[in-house]
Amino acid sequence: MFYRECGVRHTTYAADRALAVIPFERALLVLLIVLAAAAPWIVTDLFLVSYLTPWLIWTAAVLGLNLLMGWAGQIHLGYGAVMAVGAYTAVHVARAGAPFVVAVAAGGLVAAVIGSLFGLPALRVRGLYLAMSTLALQVIVDWILVQVPAISGGAQATLLVPRPHIFGIPLVTDQARYWTAAVFTLLVALFVANVRRTDVGRALIALREKDYAAAVIGINVFYYKALAFFVSSFIGGMSGAALAFLYYRAVTPEQFGLNVSIMAVAMVIVGGLGSIIGSFFGAGFILLAPIWIEHGLRELAAALSVHISPSTLAHLPLVIYGGLITGFLLLEPLGLAKLYDNVRNYLRVWPFGYTKK
Amino acid sequence: MRRWVYWVLVLVLAAGLAAVPALAQQKVITFGFPVDYTRVYVFVAEEWTQGMVDYLTLMNLKGGVGGYTFDWRVVDTGNEPQRGIEAYERFRREGATIFNFISTPVSNAVAPRAMEDGVILLMPFHGRSDAADGQTFPWLFSLGANYWSQATVIVQHILEAEGGNLRGKRIGLVHIDSPFGREPIPVLEELSRRLGFEFQSFAFPSPGTEQSATWAQVRRFRPDWVLLWSAGPSQSVGVREAIRNGFPLDRLVSVIWLDEKDMNIVGAAQARGVKRFEAAVPGREHPVVQEILQKVYQEAGKGFGKIENVGSTYYVVGIASVAPVVEAVRIAVERFGEPVTVDKIRAALEMVSNFDLNGLMPPITITPQDHEGGGMGRISQWDGSRWVPVTDWMSAFRDVVWEMVYKSSAQFRQGQ
């Protein structure tokens, strides 16, 4: 049902390697893009500002981290710091008078250089050891932000973000910011989806499975690991800048602390390693679930007219949220993307389920 | 069978729509308190919020102010700017016009939005210290001594205790290594130039549960006085280290963040003598606190939290941080008439003059230039069971504070 493959004939290589092969999925993609473009007229502006915009930008960031963790198989516990480097660079460049697009690109570039510098240990160490060396990036960046007021913005450690302009059009309304975020995320998603089906993507996957074996079949492990760190940090830096310009409007060190790095890793794992749609799910779940669980509990308590003390009401969502993460990963260790995939696979052959292997 | 379900739904929806304008017509002023109940500001959030809400409840029970009653929205932000912004955007659409986040990172992250949207953001004892500059930050209100003012008040106390001469004395600052911990340093450096004392700062890394290495350095410096500049669990660690190093506790003065709980962690009797900056009168003797106990807790049973919290250090800080706003609403009704809008409340806040809530807090006078209100406070001392004031309400070295404020707010304006 829906995801039907009948009538899909791979007559050319190009058709075979298209991003979406199944007609239904193509239609779904178009529908989602149309819905995303029309969102300002569909949803309330609260929804647009508080949920959609940060969710989309975070998805872009998670896509960058997923490229590194999901495809190249390298753990990164300092992704928040990478985003911080991007955000602070972009804001300083913009305050010096550069246009928004240039500032974001500069943020991405500086983050990429610093990020790949700290990725160099990945050439020698793996797993937990790499986790430690990327954690060092986080600690160093946090320390610098706290110690150097010239970077973090004076005694108050808050930098106001200049108003972004795109080709002379100021992005003042919430809608303009949302659309910019949506286009940015779409571009990043397209980029990552395309990386997957190039020789680079295949080399990264080979690396992830076993780097010795990859070296044996002729992949330059050194080059591709460094490349993965560079590209991932570039996306991370740009996402950090986008977050600063389109969402936060002021940068403070706490916006990119260690807990943010852990959150990013959680988004990748809960969403699904190496999955694009999983990045959307993961970012949405980790970002919005605590807020909505809190709302739900509040409504429930009000409906049942049960009095819950505000402190308990604050802690209860954390318990449920933790339970949900554990539950989802127990149900499907490969993340939310795999849950979606299960449904899709079921529907693809429905009602002939026995044709599945 | 199913059809009646739809009818019920339609009816509920219609009732809901009908209820909306009815609510809008009520004369209500809504506060937003998205605070951090779960991460960093846990040590203060519960009592502070309880103080604010209980005071507003008391006002409502007394019939409101000028015909206006108060409503509030409380939610946890987990100290995450992202969640703070979400709560801000939501509450603002639900009609909240006055916010207090009790969290520096969240307040600072929301500040640009509040200034664009025209929403009053209260930053007492947290947030931007330069919010005192009302010309640069028309929508931000400190409503209490910022950290620079607290440093000057503490030095003034030391100056008086030393008989008016600090030449040759040594003052150390033991602080957490964060922007907050570093904030008093330029003020203390300037005062050391002026008064001739020797100043040195000693940082300990966050979260500050381990300070023995730092205190070994402090000992080598042989300070006459030590300022304690941190918050939360690290404070009791600092006091304990002072005791362990044999430092006389009556020469240990803390920033505002030191309360009864910290003293009990150290050991109430062992901590005797510790001093701190105080911004409101703790305890249950004050008539306002008595009234809250009686009317809100005993008669109405509408207390927002545990009754044991009533009158604690941070509870009265909570009262002191909304009382000027309630006063402003009274002024707004009186001077500008109804309907009271957020613009009128903002303008009225700048007219609050010599307001001290019958002595619960130092008198504050807010003007369009000064959103801090005078930067007054006093020093109190732990006597083993409670905090006893050792000075009157005072402010000192205002020129030093204002120099800092203007320097910082000029930096902010550059980015606008």
# chains A, B, ... in the order shown; residues from 1 in each chain; ligands from 1
>>> closest_atom_pairs(of="chain B", to="chain A", cutoff="8 Å", atoms="only C-alpha atoms", output="tab-separated table")
residue	atom	partner	partner_atom	distance
B:Tyr37	CA	A:Ser311	CA	6.2
B:Thr38	CA	A:His315	CA	6.6
B:Glu46	CA	A:Ser311	CA	7.0
B:Val74	CA	A:Pro310	CA	7.4
B:Val75	CA	A:Ala314	CA	7.1
B:Asp76	CA	A:Ala314	CA	5.3
B:Glu80	CA	A:Gln255	CA	7.5
B:Pro81	CA	A:Gln255	CA	6.5
B:Gln82	CA	A:Tyr248	CA	7.9
B:Arg83	CA	A:Ile291	CA	7.4
B:Ile85	CA	A:Ser50	CA	7.1
B:Glu86	CA	A:Ser50	CA	4.9
B:Glu89	CA	A:Leu46	CA	6.4
B:Arg90	CA	A:Leu46	CA	6.4
B:Arg93	CA	A:Leu46	CA	7.6
B:Pro105	CA	A:Glu254	CA	6.4
B:Asn108	CA	A:Thr158	CA	6.8
B:Ala109	CA	A:Ala250	CA	5.7
B:Val110	CA	A:Tyr248	CA	7.9
B:Pro112	CA	A:Arg249	CA	6.7
B:Arg113	CA	A:Arg249	CA	7.8
B:Arg128	CA	A:Gln156	CA	6.0
B:Ser129	CA	A:Gln156	CA	7.3
B:Asp177	CA	A:Val146	CA	7.8
B:Ser178	CA	A:Val146	CA	5.9
B:Pro179	CA	A:Val146	CA	6.2
B:Phe180	CA	A:Gln156	CA	7.9
B:Arg182	CA	A:Ala155	CA	7.9
B:Glu183	CA	A:Ala155	CA	6.3
B:Phe304	CA	A:Ser309	CA	7.8
B:Gly305	CA	A:Ser309	CA	6.9
B:Ser408	CA	A:Gly154	CA	6.8
B:Gln411	CA	A:Gly154	CA	7.3
B:Phe412	CA	A:Leu160	CA	7.0
B:Gly415	CA	A:Leu160	CA	5.6
B:Gln416	CA	A:Pro162	CA	6.3
>>> residues_around(residues="A:Ser133", least_positions_apart="6", cutoff="12 Å", atoms="only C-alpha atoms", output="PDB file with C-alpha atoms, in the first residue's frame")
ATOM      1  CA  GLN A  74      33.290   8.538  14.481  1.00  0.00           C
ATOM      2  CA  ILE A  75      31.884   9.609  17.844  1.00  0.00           C
ATOM      3  CA  HIS A  76      31.876  13.326  18.654  1.00  0.00           C
ATOM      4  CA  LEU A  77      31.131  14.694  22.120  1.00  0.00           C
ATOM      5  CA  GLY A  78      32.100  18.272  21.331  1.00  0.00           C
ATOM      6  CA  TYR A  79      29.582  19.143  18.669  1.00  0.00           C
ATOM      7  CA  GLY A 115      36.658  20.945  14.283  1.00  0.00           C
ATOM      8  CA  SER A 116      38.910  18.982  11.983  1.00  0.00           C
ATOM      9  CA  LEU A 117      41.938  20.001  14.032  1.00  0.00           C
ATOM     10  CA  PHE A 118      40.376  18.253  17.019  1.00  0.00           C
ATOM     11  CA  GLY A 119      39.297  15.429  14.743  1.00  0.00           C
ATOM     12  CA  LEU A 120      42.937  14.608  13.997  1.00  0.00           C
ATOM     13  CA  PRO A 121      43.207  12.214  16.967  1.00  0.00           C
ATOM     14  CA  ALA A 122      40.552  10.157  15.167  1.00  0.00           C
ATOM     15  CA  LEU A 123      43.310   9.129  12.791  1.00  0.00           C
ATOM     16  CA  ARG A 124      44.962   7.250  15.621  1.00  0.00           C
ATOM     17  CA  VAL A 125      42.316   6.437  18.181  1.00  0.00           C
ATOM     18  CA  ARG A 126      38.811   5.050  18.068  1.00  0.00           C
ATOM     19  CA  GLY A 127      35.706   4.732  20.186  1.00  0.00           C
ATOM     20  CA  VAL A 139      36.004  21.914  27.462  1.00  0.00           C
ATOM     21  CA  ILE A 140      38.533  24.163  25.723  1.00  0.00           C
TER      22      ILE A 140
END
>>> residues_around(residues="B:Asn309", least_positions_apart="2", cutoff="9 Å", atoms="only C-alpha atoms", output="ChimeraX atom specification")
/B:46-47,50-51,305-307,311-315
>>> residues_around(residues="B:Asn245", least_positions_apart="3", cutoff="8 Å", atoms="only C-alpha atoms", output="count of residues only")
5
>>> select_by_dssp(residues="stretch 88-287 of chain A", states="helix (DSSP H, G or I)", output="ChimeraX atom specification")
/A:88-95,100-123,128-147,149-152,174-196,199-209,211-216,221-248,253-256,258-271,276-287
>>> residues_around(residues="stretch 260-271 of chain B", least_positions_apart="3", cutoff="7 Å", atoms="only C-alpha atoms", output="list in words")
Gln235, Ser236, Arg240, Val274, Gly384 and Ser385 of chain B
>>> write_last_selection(atoms="all heavy atoms", output="compact mmCIF listing (two decimals), in the first residue's frame")
# COMPACT_ATOMS: atom_id res chain seq x y z
N GLN B 235 28.82 27.34 47.74
CA GLN B 235 28.91 28.33 48.82
C GLN B 235 29.23 27.67 50.16
O GLN B 235 30.11 28.14 50.89
CB GLN B 235 27.60 29.11 48.93
CG GLN B 235 27.41 30.12 47.82
CD GLN B 235 28.32 31.32 47.96
OE1 GLN B 235 29.50 31.22 47.69
NE2 GLN B 235 27.77 32.45 48.38
N SER B 236 28.52 26.58 50.47
CA SER B 236 28.80 25.93 51.75
C SER B 236 30.20 25.31 51.73
O SER B 236 30.88 25.27 52.76
CB SER B 236 27.74 24.88 52.07
OG SER B 236 27.56 24.04 50.97
N ARG B 240 33.10 26.13 54.47
CA ARG B 240 33.77 25.02 55.16
C ARG B 240 35.29 25.11 54.98
O ARG B 240 36.05 24.88 55.92
CB ARG B 240 33.24 23.71 54.59
CG ARG B 240 33.32 22.57 55.57
CD ARG B 240 32.77 21.30 54.98
NE ARG B 240 31.32 21.31 54.87
CZ ARG B 240 30.64 20.58 53.98
NH1 ARG B 240 31.28 19.83 53.12
NH2 ARG B 240 29.33 20.60 53.97
N VAL B 274 29.63 34.24 59.92
CA VAL B 274 29.71 34.52 58.48
C VAL B 274 28.81 35.70 58.13
O VAL B 274 27.71 35.83 58.65
CB VAL B 274 29.28 33.28 57.68
CG1 VAL B 274 29.28 33.58 56.20
CG2 VAL B 274 30.18 32.12 57.99
N GLY B 384 24.26 31.79 64.33
CA GLY B 384 24.15 30.40 64.76
C GLY B 384 22.76 29.85 64.52
O GLY B 384 22.57 28.64 64.43
N SER B 385 21.77 30.76 64.41
CA SER B 385 20.42 30.27 64.13
C SER B 385 19.69 31.18 63.14
O SER B 385 18.75 30.76 62.50
CB SER B 385 19.61 30.18 65.42
OG SER B 385 19.54 31.46 66.02
>>> residues_around(residues="stretch 31-40 of chain A", least_positions_apart="6", cutoff="9 Å", atoms="only C-alpha atoms", output="ChimeraX atom specification")
/A:48,52,174-175,178-179,182,186
>>> atom_distance(atom1="atom CA of A:Arg344", atom2="atom CA of A:Ile277")
12.5 Å
>>> residues_around(residues="A:Gly86", least_positions_apart="2", cutoff="7 Å", atoms="only C-alpha atoms", output="list of chain:residue names")
A:Val82, A:Met83, A:Ala84, A:Tyr88, A:Thr89, A:Ala90, A:Gly107, A:Gly108, A:Val110, A:Ala111, A:Gly237, A:Met238, A:Gly240, A:Ala241
>>> write_last_selection(atoms="N, CA, C and O atoms", output="PDB file, in the first residue's frame")
ATOM      1  N   VAL A  82      31.608  22.991  18.441  1.00  0.00           N
ATOM      2  CA  VAL A  82      31.742  23.295  17.018  1.00  0.00           C
ATOM      3  C   VAL A  82      30.689  24.331  16.618  1.00  0.00           C
ATOM      4  O   VAL A  82      30.981  25.313  15.925  1.00  0.00           O
ATOM      5  N   MET A  83      29.464  24.107  17.104  1.00  0.00           N
ATOM      6  CA  MET A  83      28.392  25.065  16.803  1.00  0.00           C
ATOM      7  C   MET A  83      28.702  26.425  17.416  1.00  0.00           C
ATOM      8  O   MET A  83      28.423  27.471  16.820  1.00  0.00           O
ATOM      9  N   ALA A  84      29.298  26.402  18.605  1.00  0.00           N
ATOM     10  CA  ALA A  84      29.644  27.667  19.265  1.00  0.00           C
ATOM     11  C   ALA A  84      30.670  28.431  18.436  1.00  0.00           C
ATOM     12  O   ALA A  84      30.530  29.640  18.225  1.00  0.00           O
ATOM     13  N   TYR A  88      29.806  32.129  17.158  1.00  0.00           N
ATOM     14  CA  TYR A  88      30.566  33.301  17.589  1.00  0.00           C
ATOM     15  C   TYR A  88      31.322  33.924  16.411  1.00  0.00           C
ATOM     16  O   TYR A  88      31.390  35.147  16.281  1.00  0.00           O
ATOM     17  N   THR A  89      31.900  33.079  15.549  1.00  0.00           N
ATOM     18  CA  THR A  89      32.594  33.635  14.387  1.00  0.00           C
ATOM     19  C   THR A  89      31.611  34.431  13.531  1.00  0.00           C
ATOM     20  O   THR A  89      31.881  35.575  13.142  1.00  0.00           O
ATOM     21  N   ALA A  90      30.463  33.824  13.245  1.00  0.00           N
ATOM     22  CA  ALA A  90      29.504  34.475  12.362  1.00  0.00           C
ATOM     23  C   ALA A  90      29.046  35.805  12.949  1.00  0.00           C
ATOM     24  O   ALA A  90      28.953  36.814  12.244  1.00  0.00           O
ATOM     25  N   GLY A 107      31.443  31.415   9.531  1.00  0.00           N
ATOM     26  CA  GLY A 107      31.260  30.614  10.747  1.00  0.00           C
ATOM     27  C   GLY A 107      31.498  29.152  10.464  1.00  0.00           C
ATOM     28  O   GLY A 107      32.202  28.459  11.207  1.00  0.00           O
ATOM     29  N   GLY A 108      30.922  28.677   9.369  1.00  0.00           N
ATOM     30  CA  GLY A 108      31.088  27.276   8.994  1.00  0.00           C
ATOM     31  C   GLY A 108      32.552  26.943   8.739  1.00  0.00           C
ATOM     32  O   GLY A 108      33.059  25.917   9.205  1.00  0.00           O
ATOM     33  N   VAL A 110      35.408  28.497   9.793  1.00  0.00           N
ATOM     34  CA  VAL A 110      36.262  28.502  10.986  1.00  0.00           C
ATOM     35  C   VAL A 110      35.966  27.274  11.849  1.00  0.00           C
ATOM     36  O   VAL A 110      36.870  26.605  12.354  1.00  0.00           O
ATOM     37  N   ALA A 111      34.661  26.963  11.974  1.00  0.00           N
ATOM     38  CA  ALA A 111      34.288  25.778  12.750  1.00  0.00           C
ATOM     39  C   ALA A 111      34.876  24.535  12.112  1.00  0.00           C
ATOM     40  O   ALA A 111      35.349  23.629  12.813  1.00  0.00           O
ATOM     41  N   GLY A 237      29.015  24.284  12.214  1.00  0.00           N
ATOM     42  CA  GLY A 237      29.298  25.703  12.398  1.00  0.00           C
ATOM     43  C   GLY A 237      28.228  26.571  11.773  1.00  0.00           C
ATOM     44  O   GLY A 237      27.748  27.549  12.376  1.00  0.00           O
ATOM     45  N   MET A 238      27.800  26.195  10.569  1.00  0.00           N
ATOM     46  CA  MET A 238      26.746  26.974   9.915  1.00  0.00           C
ATOM     47  C   MET A 238      25.436  26.872  10.688  1.00  0.00           C
ATOM     48  O   MET A 238      24.689  27.849  10.809  1.00  0.00           O
ATOM     49  N   GLY A 240      25.128  26.384  13.890  1.00  0.00           N
ATOM     50  CA  GLY A 240      25.265  27.218  15.078  1.00  0.00           C
ATOM     51  C   GLY A 240      25.015  28.678  14.736  1.00  0.00           C
ATOM     52  O   GLY A 240      24.305  29.395  15.458  1.00  0.00           O
ATOM     53  N   ALA A 241      25.568  29.109  13.596  1.00  0.00           N
ATOM     54  CA  ALA A 241      25.363  30.490  13.169  1.00  0.00           C
ATOM     55  C   ALA A 241      23.885  30.736  12.854  1.00  0.00           C
ATOM     56  O   ALA A 241      23.319  31.766  13.234  1.00  0.00           O
TER      57      ALA A 241
END
>>> atom_distance(atom1="atom CA of B:Gln26", atom2="atom CA of B:Thr69")
8.8 Å
>>> atom_distance(atom1="atom CA of B:Gly78", atom2="atom CA of A:Ile325")
18.0 Å
>>> select_by_dssp(residues="stretch 226-385 of chain B", states="strand (DSSP E)", output="VMD selection string")
chain B and resid 226 to 229 252 to 254 275 to 278 378 to 382
>>> closest_residue(among="B:Pro368, B:Gly303, B:Pro138, B:Pro34", to="B:Leu61", atoms="only C-alpha atoms")
B:Gly303
>>> closest_residue(among="B:Gly164, B:Gly84, B:Gly95, B:Gly134", to="B:Gln369", atoms="only C-alpha atoms")
B:Gly134
>>> closest_residue(among="A:Met267, A:Ala18, A:Leu329, A:Val183", to="A:Gly70", atoms="only C-alpha atoms")
A:Met267
>>> decode(residues="stretch 212-233 of chain A", atoms="N, CA, C and O atoms", output="compact mmCIF listing (two decimals), in the first residue's frame")
# COMPACT_ATOMS: atom_id res chain seq x y z
N TYR A 212 40.48 -0.85 8.85
CA TYR A 212 41.57 -1.63 8.24
C TYR A 212 41.11 -2.16 6.90
O TYR A 212 41.81 -2.07 5.89
N ALA A 213 39.90 -2.76 6.92
CA ALA A 213 39.38 -3.35 5.69
C ALA A 213 39.24 -2.28 4.61
O ALA A 213 39.54 -2.52 3.44
N ALA A 214 38.81 -1.08 5.03
CA ALA A 214 38.67 0.00 4.06
C ALA A 214 40.03 0.33 3.46
O ALA A 214 40.16 0.56 2.25
N ALA A 215 41.06 0.36 4.31
CA ALA A 215 42.40 0.67 3.81
C ALA A 215 42.85 -0.41 2.82
O ALA A 215 43.46 -0.10 1.79
N VAL A 216 42.50 -1.66 3.12
CA VAL A 216 42.90 -2.77 2.25
C VAL A 216 42.28 -2.62 0.87
O VAL A 216 42.94 -2.88 -0.14
N ILE A 217 41.02 -2.16 0.81
CA ILE A 217 40.42 -2.03 -0.52
C ILE A 217 40.75 -0.70 -1.17
O ILE A 217 40.14 -0.30 -2.16
N GLY A 218 41.72 0.03 -0.61
CA GLY A 218 42.25 1.18 -1.32
C GLY A 218 41.66 2.52 -0.93
O GLY A 218 41.76 3.48 -1.67
N ILE A 219 41.02 2.58 0.25
CA ILE A 219 40.49 3.87 0.69
C ILE A 219 41.51 4.56 1.57
O ILE A 219 42.05 3.94 2.50
N ASN A 220 41.77 5.81 1.28
CA ASN A 220 42.72 6.58 2.08
C ASN A 220 42.06 6.98 3.40
O ASN A 220 41.35 7.97 3.48
N VAL A 221 42.30 6.17 4.42
CA VAL A 221 41.61 6.34 5.69
C VAL A 221 41.88 7.73 6.28
O VAL A 221 40.96 8.42 6.72
N PHE A 222 43.14 8.11 6.24
CA PHE A 222 43.54 9.42 6.76
C PHE A 222 42.71 10.53 6.14
O PHE A 222 42.08 11.34 6.83
N TYR A 223 42.65 10.53 4.82
CA TYR A 223 41.97 11.60 4.08
C TYR A 223 40.47 11.61 4.39
O TYR A 223 39.89 12.65 4.68
N TYR A 224 39.85 10.44 4.36
CA TYR A 224 38.40 10.43 4.51
C TYR A 224 37.95 10.73 5.94
O TYR A 224 36.90 11.33 6.15
N LYS A 225 38.75 10.31 6.92
CA LYS A 225 38.38 10.66 8.30
C LYS A 225 38.45 12.17 8.49
O LYS A 225 37.55 12.80 9.06
N ALA A 226 39.55 12.76 7.99
CA ALA A 226 39.70 14.21 8.12
C ALA A 226 38.59 14.92 7.37
O ALA A 226 38.01 15.91 7.85
N LEU A 227 38.24 14.39 6.19
CA LEU A 227 37.18 15.01 5.39
C LEU A 227 35.84 14.96 6.14
O LEU A 227 35.08 15.94 6.16
N ALA A 228 35.58 13.80 6.76
CA ALA A 228 34.31 13.66 7.49
C ALA A 228 34.23 14.70 8.60
O ALA A 228 33.21 15.35 8.79
N PHE A 229 35.34 14.87 9.34
CA PHE A 229 35.34 15.86 10.41
C PHE A 229 35.16 17.27 9.85
O PHE A 229 34.45 18.09 10.40
N PHE A 230 35.82 17.52 8.72
CA PHE A 230 35.76 18.86 8.14
C PHE A 230 34.32 19.19 7.71
O PHE A 230 33.77 20.22 8.09
N VAL A 231 33.71 18.28 6.96
CA VAL A 231 32.38 18.56 6.42
C VAL A 231 31.36 18.65 7.55
O VAL A 231 30.52 19.56 7.60
N SER A 232 31.46 17.70 8.49
CA SER A 232 30.51 17.69 9.60
C SER A 232 30.64 18.97 10.42
O SER A 232 29.64 19.59 10.81
N SER A 233 31.87 19.41 10.68
CA SER A 233 32.06 20.63 11.46
C SER A 233 31.60 21.85 10.68
O SER A 233 31.11 22.82 11.26
